[in-house]
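Here is data-v2.tsv, consisting of TSV, C-alpha atoms:
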chain	number	residue	atom	x	y	z
A	1	MET	CA	0.00	0.00	0.00
A	2	THR	CA	1.42	3.38	-0.92
A	3	GLN	CA	0.61	6.65	0.70
A	4	ALA	CA	-0.05	9.75	-1.28
A	5	HIS	CA	2.16	12.70	-0.39
A	6	PRO	CA	1.15	16.18	-1.40
A	7	GLN	CA	3.70	17.66	-3.73
A	8	SER	CA	5.57	20.77	-2.68
A	9	PRO	CA	5.05	23.65	-5.06
A	10	SER	CA	7.99	24.32	-7.33
A	11	PRO	CA	9.79	27.65	-6.80
A	12	SER	CA	8.16	29.03	-9.94
A	13	THR	CA	4.64	28.36	-8.61
A	14	MET	CA	5.23	29.58	-5.06
A	15	PRO	CA	3.45	32.84	-4.25
A	16	ARG	CA	5.72	35.87	-4.10
A	17	PRO	CA	5.02	39.03	-2.15
A	18	ALA	CA	4.02	42.02	-4.23
A	19	GLY	CA	6.33	45.02	-4.33
A	20	PRO	CA	9.84	45.48	-2.97
A	21	ALA	CA	11.09	43.54	0.02
A	22	PRO	CA	10.46	45.30	3.34
A	23	ALA	CA	13.47	47.11	4.80
A	24	SER	CA	13.60	44.61	7.66
A	25	ALA	CA	14.40	41.89	5.11
A	26	THR	CA	17.51	43.73	3.96
A	27	LEU	CA	20.82	42.70	5.47
A	28	LEU	CA	23.75	45.01	4.85
A	29	ALA	CA	27.08	43.19	5.06
A	30	ALA	CA	30.55	44.66	5.40
A	31	VAL	CA	33.45	42.68	3.99
A	32	VAL	CA	36.68	43.79	5.60
A	33	GLN	CA	39.85	43.92	3.56
A	34	TYR	CA	42.26	43.65	6.44
A	35	GLU	CA	46.02	43.68	6.59
A	36	ALA	CA	46.84	41.73	9.71
A	37	LEU	CA	48.62	43.79	12.34
A	38	GLY	CA	52.27	43.18	13.03
A	39	THR	CA	53.45	39.89	14.33
A	40	GLY	CA	53.68	38.96	17.94
A	41	SER	CA	55.28	36.08	19.71
A	42	GLY	CA	52.73	33.32	20.05
A	43	GLY	CA	49.38	34.73	21.16
A	44	ALA	CA	50.73	38.04	22.49
A	45	ALA	CA	49.39	40.00	19.49
A	46	VAL	CA	45.85	38.57	19.63
A	47	ALA	CA	44.61	41.23	22.11
A	48	ARG	CA	45.81	44.02	19.77
A	49	LYS	CA	44.08	42.34	16.84
A	50	VAL	CA	40.88	41.87	18.86
A	51	ALA	CA	40.84	45.60	19.65
A	52	ALA	CA	41.28	46.43	15.93
A	53	HIS	CA	38.46	44.03	15.03
A	54	VAL	CA	36.17	45.66	17.63
A	55	GLU	CA	36.83	49.08	16.07
A	56	LEU	CA	36.05	47.73	12.59
A	57	ILE	CA	32.84	46.07	13.82
A	58	GLU	CA	31.71	49.33	15.44
A	59	LYS	CA	32.54	51.30	12.28
A	60	ALA	CA	30.69	48.83	10.07
A	61	HIS	CA	27.69	49.04	12.42
A	62	ALA	CA	27.79	52.85	12.28
A	63	ASP	CA	27.68	52.53	8.49
A	64	GLY	CA	24.57	50.33	8.74
A	65	ALA	CA	26.06	46.83	8.48
A	66	ARG	CA	24.64	44.00	10.57
A	67	LEU	CA	27.02	41.32	9.24
A	68	VAL	CA	30.79	41.85	9.20
A	69	LEU	CA	33.06	39.37	7.42
A	70	PHE	CA	36.80	39.22	8.11
A	71	PRO	CA	39.48	37.25	6.23
A	72	GLU	CA	40.74	33.88	7.37
A	73	LEU	CA	43.27	34.01	10.22
A	74	SER	CA	42.60	37.72	10.71
A	75	LEU	CA	42.91	37.38	14.49
A	76	THR	CA	45.92	35.13	14.70
A	77	GLY	CA	47.81	36.18	11.59
A	78	TYR	CA	49.38	34.19	8.82
A	79	GLU	CA	52.68	33.31	10.46
A	80	LEU	CA	51.96	29.65	10.93
A	81	ASP	CA	55.21	29.11	12.87
A	82	SER	CA	53.64	31.01	15.78
A	83	PHE	CA	51.22	28.11	16.25
A	84	ASP	CA	54.12	25.72	16.76
A	85	ALA	CA	55.93	27.97	19.27
A	86	PRO	CA	56.03	26.51	22.76
A	87	GLU	CA	53.83	28.27	25.26
A	88	HIS	CA	55.73	30.27	27.85
A	89	ALA	CA	54.55	30.81	31.39
A	90	GLY	CA	52.10	33.70	31.46
A	91	GLU	CA	52.00	34.07	27.67
A	92	PRO	CA	48.86	32.90	25.88
A	93	SER	CA	49.00	30.53	22.95
A	94	ALA	CA	48.38	31.71	19.40
A	95	TRP	CA	45.59	29.11	19.27
A	96	LEU	CA	42.14	30.25	20.29
A	97	THR	CA	39.78	27.91	22.09
A	98	ASP	CA	36.16	27.70	23.16
A	99	GLY	CA	35.55	30.13	26.00
A	100	ASP	CA	38.80	32.03	25.31
A	101	THR	CA	38.53	35.24	27.35
A	102	ARG	CA	40.50	37.17	24.71
A	103	LEU	CA	37.37	36.97	22.53
A	104	GLN	CA	35.10	38.67	25.08
A	105	PRO	CA	35.52	42.19	23.63
A	106	LEU	CA	34.32	40.80	20.27
A	107	ARG	CA	31.33	39.15	21.90
A	108	ASP	CA	30.52	42.40	23.69
A	109	ALA	CA	30.85	44.51	20.52
A	110	CYS	CA	28.53	42.18	18.61
A	111	ALA	CA	25.99	42.11	21.45
A	112	ASP	CA	26.10	45.89	21.89
A	113	THR	CA	25.63	46.60	18.18
A	114	GLY	CA	23.37	43.69	17.21
A	115	THR	CA	26.03	42.74	14.65
A	116	THR	CA	27.19	39.30	13.61
A	117	ALA	CA	30.90	39.00	12.84
A	118	VAL	CA	32.62	36.13	11.07
A	119	ILE	CA	36.25	36.19	12.15
A	120	GLY	CA	39.13	33.92	11.19
A	121	ALA	CA	41.54	32.44	13.71
A	122	GLY	CA	43.63	29.41	14.42
A	123	TRP	CA	41.28	27.28	16.54
A	124	ARG	CA	42.05	24.35	18.80
A	125	GLU	CA	39.40	22.04	20.20
A	126	ALA	CA	39.41	21.13	23.90
A	127	ASP	CA	41.10	17.84	23.05
A	128	GLY	CA	43.93	19.70	21.28
A	129	THR	CA	42.73	19.07	17.72
A	130	PRO	CA	43.60	22.06	15.51
A	131	ARG	CA	40.87	23.41	13.22
Rewrite the structure of this file - the entire thing - as structure tokens.
Amino acid sequence: MTQAHPQSPSPSTMPRPAGPAPASATLLAAVVQYEALGTGSGGAAVARKVAAHVELIEKAHADGARLVLFPELSLTGYELDSFDAPEHAGEPSAWLTDGDTRLQPLRDACADTGTTAVIGAGWREADGTPR
């Protein structure tokens, strides 16, 4: 015995709203062309880069953006050797992790502005797996 399933309408037969999309349906995105700040030893430069990202998020928000896209590794930089550097006492790793307190200013900036930011960084899972 087979059951009959109603067919979903094809995209060409789906009803479309009349007129232009409401302003609330518009999402303005800012794509950041970013030259990573100078190098640091290990994760020492991440705080400087976070502060620069916060400024760019706030500027994009002031210009009307609600989505801000940064390049890959924009927070940690492109010097991959810094990820292999041994961690020194008191100096944070170049790797970022879940719950990393260095990311709090970014979380705060996004919450304060209602902005979503996509930011690139070297990421390490809790079990040490790099992503």
- Query: Which protein, DNA or RNA residues are at most 12 Å from (37.5, 34.8, 23.0) in the file's coordinates when you count all atoms listed in the file, listed as a PyMOL selection string?
  - Reply: chain A and resi 46-47+49-51+75-76+92+94-108+119-123
Using only C-alpha atoms, please write the residues we just selected to a file, as a JSON list (two decimals), in the coordinates of the input.
[["chain", "number", "residue", "atom", "x", "y", "z"],
["A", 46, "VAL", "CA", 45.85, 38.57, 19.63],
["A", 47, "ALA", "CA", 44.61, 41.23, 22.11],
["A", 49, "LYS", "CA", 44.08, 42.34, 16.84],
["A", 50, "VAL", "CA", 40.88, 41.87, 18.86],
["A", 51, "ALA", "CA", 40.84, 45.60, 19.65],
["A", 75, "LEU", "CA", 42.91, 37.38, 14.49],
["A", 76, "THR", "CA", 45.92, 35.13, 14.70],
["A", 92, "PRO", "CA", 48.86, 32.90, 25.88],
["A", 94, "ALA", "CA", 48.38, 31.71, 19.40],
["A", 95, "TRP", "CA", 45.59, 29.11, 19.27],
["A", 96, "LEU", "CA", 42.14, 30.25, 20.29],
["A", 97, "THR", "CA", 39.78, 27.91, 22.09],
["A", 98, "ASP", "CA", 36.16, 27.70, 23.16],
["A", 99, "GLY", "CA", 35.55, 30.13, 26.00],
["A", 100, "ASP", "CA", 38.80, 32.03, 25.31],
["A", 101, "THR", "CA", 38.53, 35.24, 27.35],
["A", 102, "ARG", "CA", 40.50, 37.17, 24.71],
["A", 103, "LEU", "CA", 37.37, 36.97, 22.53],
["A", 104, "GLN", "CA", 35.10, 38.67, 25.08],
["A", 105, "PRO", "CA", 35.52, 42.19, 23.63],
["A", 106, "LEU", "CA", 34.32, 40.80, 20.27],
["A", 107, "ARG", "CA", 31.33, 39.15, 21.90],
["A", 108, "ASP", "CA", 30.52, 42.40, 23.69],
["A", 119, "ILE", "CA", 36.25, 36.19, 12.15],
["A", 120, "GLY", "CA", 39.13, 33.92, 11.19],
["A", 121, "ALA", "CA", 41.54, 32.44, 13.71],
["A", 122, "GLY", "CA", 43.63, 29.41, 14.42],
["A", 123, "TRP", "CA", 41.28, 27.28, 16.54]]
- Query: Which one of A:Leu28, A:Leu69, A:Gly77, A:Ser82 sits closest to Ile57 in chain A if you count only C-alpha atoms?
  - Reply: A:Leu69
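Distance-wise, CA of Ser93 in chain A and CA of Ser74 in chain A end up 15.6 Å apart.
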- How many Å separate CA of Val118 in chain A from CA of Leu80 in chain A?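 Pair CA of Val118 in chain A / CA of Leu80 in chain A returns 20.4 Å.
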- Query: Nearest to Gly64 in chain A among A:Glu91, A:Thr115, A:Glu79, A:Arg124, with distances taken over all atoms listed in the file: which residue is it?
  - Reply: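 Once distances to Gly64 in chain A are computed over all atoms listed in the file, the minimum belongs to A:Thr115.
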